[in-house]
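Trainee: Before we start, here is the structure in question, set down as structure tokens.
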Number of protein chains: 2
Amino acid sequence: MSPKAFLGEFEQMVLLAILQHGETAFALEVRREIERSADRSVSRGAFYTTLDRLEKKGLVEWTEAEAGEHRRAGSLRCFSVTREGIAALRESRRAVETLSRGLDDVLGGVRG
Amino acid sequence: MSPKAFLGEFEQMVLLAILQHGETAFALEVRREIERSADRSVSRGAFYTTLDRLEKKGLVEWTEAEAGEHRRAGSLRCFSVTREGIAALRESRRAVETLSRGLDDVLGGVRG
DNA sequence: CCGTAGCGTCTACATTGTAGTCAGACTAGA
DNA sequence: TCTAGTCTGACTACAATGTAGACGCTACGG
């Protein structure tokens, strides 16, 4: 699938955050992961809207958590990134990485 | 100044492309750099609009190339990224990198 | 001079990002 | 049980970013 459309910055972070939690992740865990890593607050609106769009594009999918798995009855969504989601993520990152090549000096060693 | 607003994907690429060309870069060189690296076409409209917004935010600045420097009279713009531009770039990248940590396996790295 | 080509500007519109508000479900206290 | 409080998820509206195309100007060739 040609992800002709690039992922937005935030979409990328959401995808990444879900992956951080392994196979699947509960919405709020994902939100917290982003807030922690990006060091900024994420409103519910921004978050769910993005998740919704990502699902519409087939990059993520979700199932409802069973009643027993959690304290909630049937309202928790368990997300996972699809193959296409991972592909899109890689595609987006590749472009940025290519352009960043050789700029570690300027960018001040963001990582080690 | 806290760049509380994230850089868009494309804005980030533009900034990176300018840096790739050293101190300054001509608009079209930048555009070509992006097309080459991201492997997609960039319309003039998308490009200049982004450059304009970046300038309005103080992340890039430019001067006109002197008549003698190039074959054009006074129409070539020479861009450079400001300190704030670099800071914004680092800030944006940091969040994504933090979220990407440990996912090289899944993302398959930049497999050559 | 006219036609062509390259560079930069402008306007309009699609997509993505953000905030705020509303509703349903569980918990606690009386 | 009823009422209040909190948490999760959905919806709506709006701002910011991404994209395309048209337009005008300057240089070049006929």
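Labeling convention for the structure tokens: chains A, B, ... as they appear, residues from 1 per chain, ligands from 1 in order of appearance.
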Residual C-alpha RMSD for chain B onto chain A, least squares, all atoms in order?
Mentor: 0.9 Å
Trainee: Residues of chain B near chain D: apply a cut-off of 7 Å, count only C-alpha atoms (C1' of nucleotides), and supply the list as a list of chain:residue names.
Mentor: B:Gly8, B:Gly45, B:Ala46
Trainee: Determine, counting only C-alpha atoms (C1' of nucleotides), which protein, DNA and RNA residues have an atom within 10 Å of an atom of C:DC7; residues of the same chain fewer than 2 positions away are not included. Present the result as a PyMOL selection string.
Mentor: (chain B and resi 27-28+44+72+75-77) or (chain C and resi 5+9) or (chain D and resi 25-26)
Trainee: In Å, with one decimal, what is the gap from atom CA of B:Leu107 to atom CA of A:Arg90?
Mentor: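 Interatomic distance, atom CA of B:Leu107 to atom CA of A:Arg90: 6.1 Å.
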Trainee: Within 9 Å of chain A, which residues belong to chain C? Use only C-alpha atoms (C1' of nucleotides) and report them as a list of chain:residue names.
Mentor: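 Using only C-alpha atoms (C1' of nucleotides), chain C residues at most 9 Å from chain A: C:DT16, C:DG17, C:DT18, C:DA19, C:DG20, C:DA25, C:DC26.
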Trainee: Give me the residues of chain B that have any atom at most 10 Å from an atom of chain A; for each, the nearest atom pair and the distance in Å, rounded to one decimal. Use only C-alpha atoms, sort by chain and number, and format it as a tab-separated table.
Mentor:
```
residue	atom	partner	partner_atom	distance
B:Lys4	CA	A:Arg40	CA	8.5
B:Phe6	CA	A:Glu9	CA	7.6
B:Leu7	CA	A:Glu9	CA	7.6
B:Gly8	CA	A:Glu9	CA	6.0
B:Glu9	CA	A:Glu9	CA	5.9
B:Phe10	CA	A:Phe6	CA	8.8
B:Gln12	CA	A:Val96	CA	7.9
B:Met13	CA	A:Val96	CA	6.3
B:Val14	CA	A:Leu99	CA	9.1
B:Leu15	CA	A:Leu99	CA	9.4
B:Leu16	CA	A:Leu99	CA	5.9
B:Ala17	CA	A:Leu99	CA	6.2
B:Ile18	CA	A:Leu99	CA	9.6
B:Leu19	CA	A:Leu103	CA	7.5
B:Gln20	CA	A:Leu103	CA	7.2
B:Gly22	CA	A:Leu103	CA	9.8
B:Glu33	CA	A:Leu99	CA	8.2
B:Ile34	CA	A:Leu99	CA	7.5
B:Glu35	CA	A:Ala95	CA	9.7
B:Arg36	CA	A:Ala95	CA	9.4
B:Ser37	CA	A:Ala95	CA	5.9
B:Ala38	CA	A:Ala95	CA	4.5
B:Asp39	CA	A:Ala95	CA	7.8
B:Arg40	CA	A:Lys4	CA	8.9
B:Ile86	CA	A:Leu107	CA	6.8
B:Ala87	CA	A:Leu107	CA	8.1
B:Leu89	CA	A:Leu107	CA	7.7
B:Arg90	CA	A:Leu107	CA	6.1
B:Glu91	CA	A:Ala38	CA	8.8
B:Ser92	CA	A:Ala38	CA	8.5
B:Arg93	CA	A:Val110	CA	7.7
B:Arg94	CA	A:Val110	CA	6.5
B:Ala95	CA	A:Ala38	CA	4.5
B:Val96	CA	A:Met13	CA	6.3
B:Glu97	CA	A:Arg111	CA	7.9
B:Thr98	CA	A:Ser37	CA	5.9
B:Leu99	CA	A:Leu16	CA	5.8
B:Ser100	CA	A:Leu16	CA	6.2
B:Arg101	CA	A:Gln20	CA	8.3
B:Gly102	CA	A:Gln20	CA	7.8
B:Leu103	CA	A:Gln20	CA	7.2
B:Val106	CA	A:Ile86	CA	7.9
B:Leu107	CA	A:Arg90	CA	6.1
B:Gly108	CA	A:Arg90	CA	7.9
B:Gly109	CA	A:Arg90	CA	7.9
B:Val110	CA	A:Arg94	CA	6.5
B:Arg111	CA	A:Arg94	CA	9.5
```
